[in-house]
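S.K.: Contents of model-v4.txt (compact mmCIF, C-alpha atoms) are below:
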```
# COMPACT_ATOMS: atom_id res chain seq x y z
CA LYS A 166 76.88 87.75 76.35
CA TYR A 167 74.67 90.82 76.82
CA LYS A 168 76.35 91.52 80.17
CA VAL A 169 79.73 91.46 78.44
CA LEU A 170 78.55 93.87 75.76
CA PHE A 171 77.08 96.20 78.38
CA TRP A 172 80.12 96.28 80.66
CA VAL A 173 82.65 96.70 77.86
CA ALA A 174 80.60 99.67 76.64
CA PHE A 175 80.28 101.00 80.20
CA GLN A 176 84.04 100.74 80.71
CA LEU A 177 84.67 102.80 77.57
CA LEU A 178 82.09 105.35 78.70
CA SER A 179 83.77 105.69 82.09
CA LEU A 180 87.14 106.10 80.38
CA HIS A 181 85.71 108.89 78.24
CA LEU A 182 84.01 110.70 81.12
CA LEU A 183 87.13 110.54 83.31
CA HIS A 184 89.55 111.58 80.58
CA ASP A 185 89.88 115.14 81.90
CA ALA A 186 89.28 114.37 85.58
CA SER A 187 91.75 115.33 88.32
CA TRP A 188 94.41 112.72 89.00
CA GLN A 189 92.86 111.96 92.41
CA THR A 190 89.44 111.24 90.88
CA TRP A 191 91.05 109.36 88.00
CA LEU A 192 93.09 107.13 90.33
CA PHE A 193 90.15 106.48 92.65
CA CYS A 194 87.92 105.44 89.75
CA CYS A 195 90.74 103.44 88.19
CA TYR A 196 90.91 101.30 91.34
CA THR A 197 87.21 101.10 92.18
CA LEU A 198 85.41 101.27 88.82
CA SER A 199 87.92 100.15 86.19
CA GLY A 200 89.34 97.55 88.57
CA SER A 201 85.93 96.06 89.32
CA ILE A 202 84.77 96.03 85.69
CA ASN A 203 87.98 94.52 84.36
CA HIS A 204 87.98 91.87 87.06
CA MET A 205 84.40 91.16 86.05
CA MET A 206 85.68 90.66 82.50
CA THR A 207 88.24 88.12 83.71
CA LEU A 208 85.34 86.18 85.18
CA ALA A 209 83.38 86.57 81.97
CA MET A 210 86.40 84.94 80.31
CA HIS A 211 86.15 82.21 82.93
CA GLU A 212 82.50 81.60 82.13
CA LEU A 213 83.22 81.62 78.41
CA SER A 214 86.14 79.22 78.79
CA HIS A 215 83.48 76.66 79.75
CA ASN A 216 81.47 77.57 76.60
CA LEU A 217 78.59 78.91 78.70
CA GLY A 218 78.00 82.28 77.03
CA ALA A 219 77.02 81.32 73.49
CA LYS A 220 75.88 78.26 71.55
CA GLY A 221 79.14 77.25 69.87
CA VAL A 222 82.77 76.84 70.94
CA THR A 223 84.01 79.37 68.37
CA GLN A 224 81.40 81.95 69.39
CA ASN A 225 82.50 81.58 73.02
CA ARG A 226 86.15 82.05 72.05
CA ILE A 227 85.33 85.22 70.09
CA LEU A 228 83.19 86.60 72.89
CA ALA A 229 85.97 85.86 75.40
CA ILE A 230 88.47 87.83 73.30
CA PHE A 231 85.95 90.68 73.13
CA ALA A 232 85.55 90.60 76.93
CA ASN A 233 89.34 90.66 77.18
CA LEU A 234 89.71 93.88 75.14
CA PRO A 235 89.13 96.50 77.90
CA MET A 236 91.71 94.74 80.08
CA GLY A 237 94.44 95.97 77.72
CA ILE A 238 96.46 92.74 78.15
CA PRO A 239 95.79 89.60 76.05
CA ALA A 240 94.73 86.67 78.23
CA ALA A 241 91.51 84.96 77.07
CA ALA A 242 92.92 82.31 74.74
CA SER A 243 95.67 81.14 77.07
CA PHE A 244 93.40 81.27 80.11
CA LYS A 245 91.03 78.76 78.53
CA ARG A 246 93.82 76.27 77.90
CA TYR A 247 95.19 76.39 81.45
CA HIS A 248 91.82 76.59 83.16
CA MET A 249 90.55 73.38 81.59
CA GLU A 250 93.58 71.61 83.06
CA HIS A 251 92.87 73.17 86.46
CA HIS A 252 89.47 71.47 86.44
CA LYS A 253 90.64 68.07 85.22
CA PHE A 254 93.91 67.94 87.19
CA GLN A 255 93.15 70.13 90.21
CA GLY A 256 96.18 70.48 92.45
CA GLU A 257 98.38 68.32 90.23
CA ASP A 258 102.02 69.39 90.50
CA VAL A 259 103.34 71.26 87.40
CA VAL A 260 100.00 70.73 85.59
CA ASP A 261 97.58 72.87 87.59
CA VAL A 262 99.29 76.26 87.35
CA ASP A 263 96.75 77.74 89.77
CA VAL A 264 98.92 76.28 92.54
CA PRO A 265 101.65 78.71 93.70
CA THR A 266 105.28 77.81 93.08
CA GLU A 267 107.78 76.64 95.71
CA PHE A 268 109.37 80.11 95.64
CA GLU A 269 106.06 81.82 96.41
CA GLY A 270 105.45 79.51 99.33
CA TRP A 271 108.98 79.98 100.67
CA PHE A 272 109.24 83.77 100.29
CA PHE A 273 105.74 85.16 100.92
CA ARG A 274 105.23 83.91 104.47
CA THR A 275 105.26 87.05 106.63
CA THR A 276 102.42 89.54 106.90
CA MET A 277 104.09 92.27 104.84
CA ARG A 278 105.30 89.83 102.22
CA LYS A 279 101.80 88.42 101.87
CA VAL A 280 100.50 91.97 101.33
CA LEU A 281 103.09 92.30 98.55
CA TRP A 282 102.03 88.92 97.15
CA CYS A 283 98.44 90.15 96.94
CA PHE A 284 99.57 93.28 95.09
CA LEU A 285 101.67 91.19 92.71
CA GLN A 286 99.04 88.54 92.15
CA PRO A 287 98.37 89.66 88.54
CA ALA A 288 102.04 89.05 87.74
CA PHE A 289 102.11 85.62 89.36
CA TYR A 290 98.78 84.65 87.81
CA SER A 291 99.98 85.53 84.31
CA LEU A 292 103.68 84.57 84.51
CA ARG A 293 103.45 81.40 86.63
CA PRO A 294 102.05 79.30 83.74
CA LEU A 295 104.96 80.36 81.51
CA ALA A 296 107.46 79.20 84.13
CA VAL A 297 105.71 76.04 85.34
CA SER A 298 103.99 74.66 82.26
CA PRO A 299 104.77 76.63 79.07
CA LYS A 300 102.68 75.90 75.98
CA GLU A 301 103.24 76.59 72.32
CA PRO A 302 100.95 79.46 71.25
CA THR A 303 98.08 78.52 68.97
CA ARG A 304 96.30 80.60 66.34
CA TRP A 305 93.79 81.69 68.98
CA GLU A 306 96.58 83.23 71.08
CA PHE A 307 97.82 85.13 68.03
CA ILE A 308 94.29 86.30 67.23
CA ASN A 309 93.89 87.36 70.87
CA ILE A 310 97.18 89.30 70.81
CA ALA A 311 96.40 90.97 67.48
CA CYS A 312 92.92 92.07 68.60
CA THR A 313 94.31 93.46 71.85
CA ILE A 314 97.06 95.42 70.09
CA VAL A 315 94.58 96.93 67.61
CA PHE A 316 92.19 97.83 70.44
CA ASP A 317 94.98 99.35 72.56
CA LEU A 318 96.19 101.43 69.63
CA MET A 319 92.64 102.67 69.07
CA ILE A 320 92.38 103.65 72.75
CA VAL A 321 95.69 105.56 72.56
CA HIS A 322 94.60 107.27 69.34
CA VAL A 323 91.29 108.47 70.82
CA TRP A 324 92.12 109.05 74.51
CA GLY A 325 95.90 109.07 74.64
CA ILE A 326 98.22 107.02 76.80
CA SER A 327 96.19 107.92 79.91
CA GLY A 328 93.23 106.08 78.39
CA LEU A 329 95.27 102.91 78.00
CA LEU A 330 96.69 103.29 81.51
CA TYR A 331 93.15 103.56 82.89
CA LEU A 332 92.38 100.13 81.43
CA VAL A 333 95.67 98.36 82.13
CA LEU A 334 96.04 99.72 85.67
CA GLY A 335 92.39 98.86 86.28
CA THR A 336 93.21 95.26 85.38
CA LEU A 337 96.25 95.19 87.67
CA PHE A 338 94.39 96.88 90.54
CA GLY A 339 91.35 94.65 90.12
CA MET A 340 93.39 91.45 90.22
CA GLY A 341 95.65 92.61 93.05
CA LEU A 342 94.74 93.80 96.54
CA HIS A 343 91.08 94.37 95.72
CA PRO A 344 87.85 93.07 97.33
CA VAL A 345 86.76 91.19 94.22
CA ALA A 346 90.16 89.50 93.95
CA GLY A 347 89.43 87.78 97.25
CA HIS A 348 88.00 84.90 95.26
CA PHE A 349 91.54 83.90 94.16
CA ILE A 350 92.31 83.02 97.78
CA ALA A 351 88.84 81.93 98.85
CA GLU A 352 88.40 79.25 96.19
CA HIS A 353 91.14 76.75 97.05
CA TYR A 354 93.30 77.92 99.94
CA VAL A 355 92.89 75.47 102.80
CA MET A 356 91.41 77.44 105.68
CA ASN A 357 89.73 74.37 107.20
CA GLU A 358 91.78 71.21 107.38
CA GLY A 359 90.54 68.59 104.93
CA GLN A 360 88.58 70.91 102.65
CA GLU A 361 90.12 71.92 99.32
CA THR A 362 87.41 74.05 97.66
CA TYR A 363 85.17 76.71 99.23
CA SER A 364 82.10 78.63 98.16
CA TYR A 365 81.31 82.26 98.87
CA TYR A 366 77.69 83.39 99.32
CA GLY A 367 77.97 87.17 99.42
CA PRO A 368 76.87 90.19 97.37
CA LEU A 369 79.98 90.35 95.17
CA ASN A 370 78.63 87.34 93.31
CA TRP A 371 76.42 89.88 91.53
CA LEU A 372 79.55 91.32 89.89
CA THR A 373 81.37 88.05 89.25
CA PHE A 374 79.00 85.73 87.38
CA ASN A 375 78.46 83.82 90.65
CA VAL A 376 82.03 82.51 90.67
CA GLY A 377 81.70 82.45 94.45
CA TYR A 378 79.54 79.35 94.14
CA HIS A 379 82.77 77.47 93.65
CA ASN A 380 82.00 74.05 95.05
CA GLU A 381 78.89 74.07 92.91
CA HIS A 382 80.96 75.17 89.90
CA HIS A 383 83.54 72.40 90.29
CA ASP A 384 80.82 69.81 90.81
CA PHE A 385 78.87 70.98 87.74
CA ALA A 386 81.29 72.90 85.51
CA ASN A 387 78.89 72.87 82.55
CA ILE A 388 76.20 74.80 84.42
CA SER A 389 76.36 78.55 83.88
CA GLY A 390 76.95 80.91 86.79
CA LYS A 391 73.42 82.28 86.76
CA HIS A 392 72.07 78.81 87.60
CA LEU A 393 74.56 77.91 90.35
CA PRO A 394 72.40 79.39 93.16
CA ALA A 395 69.69 76.95 92.04
CA VAL A 396 72.19 74.09 92.30
CA ARG A 397 72.91 75.12 95.87
CA LYS A 398 69.21 75.32 96.64
CA VAL A 399 68.51 71.86 95.22
CA ALA A 400 71.35 70.30 97.20
CA ALA A 401 71.28 72.58 100.26
CA GLU A 402 71.78 69.66 102.63
CA TYR A 403 75.25 69.20 101.12
CA TYR A 404 76.47 72.70 100.32
CA ASP A 405 75.11 74.55 103.35
CA GLU A 406 76.86 72.15 105.71
CA MET A 407 80.28 72.75 104.14
CA PRO A 408 82.48 75.59 105.46
CA HIS A 409 81.95 78.63 103.25
CA TYR A 410 82.45 82.40 103.20
CA HIS A 411 80.30 85.52 103.22
CA SER A 412 83.09 88.09 102.84
CA TRP A 413 86.01 88.08 100.40
CA ILE A 414 87.51 91.04 102.26
CA LYS A 415 87.68 88.96 105.43
CA VAL A 416 89.28 86.12 103.46
CA ILE A 417 92.04 88.49 102.29
CA TRP A 418 92.48 89.83 105.83
CA ASP A 419 92.69 86.35 107.36
CA TYR A 420 95.15 85.25 104.70
CA ILE A 421 97.44 88.21 105.39
CA VAL A 422 97.40 88.23 109.21
CA ASP A 423 97.22 84.48 109.95
CA ASP A 424 100.77 83.12 110.22
CA GLY A 425 99.46 79.63 109.54
CA ILE A 426 98.25 80.55 106.04
CA SER A 427 100.56 81.21 103.09
CA PRO A 428 100.89 80.34 99.39
CA TYR A 429 101.79 76.86 100.69
CA SER A 430 98.19 76.50 101.94
CA ARG A 431 97.06 74.60 98.87
CA VAL A 432 96.42 70.91 98.27
CA LYS A 433 99.20 69.70 96.00
CA ARG A 434 99.18 66.19 94.60
CA VAL A 435 101.33 64.01 92.36
CA THR A 436 99.20 61.38 90.64
CA MET A 437 100.52 61.58 87.07
CA GLU A 438 103.66 59.91 85.80
CA LYS A 439 106.26 62.10 84.13
CA GLU A 440 105.50 60.38 80.81
CA GLU A 441 101.82 61.29 81.11
CA ILE A 442 102.67 64.95 81.70
CA GLU A 443 105.06 64.98 78.75
CA LYS A 444 102.38 63.47 76.48
CA LEU A 445 99.90 66.09 77.66
CA ARG A 446 102.38 68.85 76.88
CA ALA A 447 103.36 67.33 73.54
CA ARG A 448 99.79 67.57 72.27
CA GLY A 449 99.46 71.17 73.49
CA GLY A 450 97.38 70.40 76.57
CA LEU A 451 93.72 69.48 76.85
CA VAL A 452 92.62 72.41 74.70
CA LYS A 453 94.39 74.26 71.88
```
Before we go any further, please render this structure as structure tokens.
M.R.:
Amino acid sequence: KYKVLFWVAFQLLSLHLLHDASWQTWLFCCYTLSGSINHMMTLAMHELSHNLGAKGVTQNRILAIFANLPMGIPAAASFKRYHMEHHKFQGEDVVDVDVPTEFEGWFFRTTMRKVLWCFLQPAFYSLRPLAVSPKEPTRWEFINIACTIVFDLMIVHVWGISGLLYLVLGTLFGMGLHPVAGHFIAEHYVMNEGQETYSYYGPLNWLTFNVGYHNEHHDFANISGKHLPAVRKVAAEYYDEMPHYHSWIKVIWDYIVDDGISPYSRVKRVTMEKEEIEKLRARGGLVK
């Protein structure tokens, strides 16, 4: 929680210091600094969706909405609901919305189209759930939206529209074709036949709450990111023998240039009956 407080404050400080910068400096920092910090906040939301940042569920929800504020786009409350289903029903058709749609797999197959897909990943990541598995908003979504609107209005009042653009574009840059966004591909795209989930053991874990330790995270989802390296150490004979990565940039490169890899390169399963899915949807999902 202290990391979240620090980086939200740091993001606002950078916004203030760059308010009168040249457009070249502003754009460079928007991609590198704002993009990295706001992507870090998406992964803070990930950590908090598992209730790993504070003692109670409500405190974690509030902290997640706070981490969401500098992103300029409300996401924390809905992310929690969909992410819990990703863990319980990983790869399940129409339930795990982390799996790309048929259209994505069909269209984004060539090198240039995959570059475009990487750029547009924020749009697919946010809009895919609405198309594949829409949910009725809960009070937490409305609280999230209201807090974001108030925060955005405050930013515009103090720093103008350029201040809000610095935050929102930072979010879009950071989740698009950006080194830190390599984890979106690295986590579950099948690069080695027969393996569905991959870990990354590189320096960008320092900025991402150790989300790179992804096999460890899926095996022990209730262990916070800061302790996942210890999990790997304890069970090194298992994790070190599994194919893993040391560079998210290389993962992005391989994904783009390898004709054998596309949005179709995901394990997709159908184990639930239609009635089961409808019941899950009728009660608002695993988490409201």
S.K.: Which of these, A:Leu234, A:Val260, A:Leu192, A:Ala288, has the shortest distance to Leu334 of chain A once you count all atoms listed in the file?
M.R.: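 Nearest candidate to Leu334 of chain A out of A:Leu234, A:Val260, A:Leu192, A:Ala288: A:Leu192.
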S.K.: I want to know what sits within 9 Å of Trp324 of chain A, based on only C-alpha atoms, with residues of the same chain fewer than 4 positions away left out; could you give that as a PyMOL selection string?
M.R.: chain A and resi 180-181+184+319-320+328-329
S.K.: Could you name the residues that touch Cys194 of chain A at 9 Å or less, counting all atoms listed in the file, but leaving out those on the same chain fewer than 3 positions away, as a compact mmCIF listing (two decimals) with C-alpha atoms, in the frame of the given file?
M.R.:
```
# COMPACT_ATOMS: atom_id res chain seq x y z
CA SER A 179 83.77 105.69 82.09
CA LEU A 183 87.13 110.54 83.31
CA GLN A 189 92.86 111.96 92.41
CA THR A 190 89.44 111.24 90.88
CA TRP A 191 91.05 109.36 88.00
CA THR A 197 87.21 101.10 92.18
CA LEU A 198 85.41 101.27 88.82
CA SER A 199 87.92 100.15 86.19
CA GLY A 200 89.34 97.55 88.57
CA TYR A 331 93.15 103.56 82.89
CA GLY A 335 92.39 98.86 86.28
```
S.K.: Looking at only C-alpha atoms, which of A:Ser201, A:Ser412, A:Gln255, A:Asn233 is the one that sits closest to Cys312 of chain A?
M.R.: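 When distances to Cys312 of chain A are compared using only C-alpha atoms, the smallest one comes from A:Asn233.
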S.K.: Measuring between all atoms listed in the file, which one of A:Gly341, A:Lys220, A:Asp261, A:Asp317 shows the shortest distance to Tyr196 of chain A?
M.R.: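 Using all atoms listed in the file, the shortest distance to Tyr196 of chain A belongs to A:Gly341.
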S.K.: Around segment 359-372 of chain A, fit a box with edges along x, y and z, padding it by 5 Å on each side, then list its centre and edge lengths in Å to one decimal as AutoDock Vina command-line options.
M.R.:
```
--center_x 83.5 --center_y 80.0 --center_z 97.4 --size_x 24.1 --size_y 32.7 --size_z 25.0
```
S.K.: What is the atom CA of Glu443 of chain A to atom CA of Asp263 of chain A distance in Å?
M.R.: 18.8 Å
S.K.: Need the shell around Gly449 of chain A: protein/DNA/RNA residues with any atom at most 10 Å away, counting only C-alpha atoms. Skip same-chain ones fewer than 3 positions apart. Format as a list of chain:residue names?
M.R.: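 In the requested form, the answer reads A:Arg246, A:Pro299, A:Lys300, A:Glu301, A:Pro302, A:Thr303, A:Glu443, A:Lys444, A:Leu445, A:Arg446, A:Val452, A:Lys453.
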S.K.: Write a file of the just-selected residues containing C-alpha atoms, as a compact mmCIF listing (two decimals), in the coordinates of the input.
M.R.:
```
# COMPACT_ATOMS: atom_id res chain seq x y z
CA ARG A 246 93.82 76.27 77.90
CA PRO A 299 104.77 76.63 79.07
CA LYS A 300 102.68 75.90 75.98
CA GLU A 301 103.24 76.59 72.32
CA PRO A 302 100.95 79.46 71.25
CA THR A 303 98.08 78.52 68.97
CA GLU A 443 105.06 64.98 78.75
CA LYS A 444 102.38 63.47 76.48
CA LEU A 445 99.90 66.09 77.66
CA ARG A 446 102.38 68.85 76.88
CA VAL A 452 92.62 72.41 74.70
CA LYS A 453 94.39 74.26 71.88
```
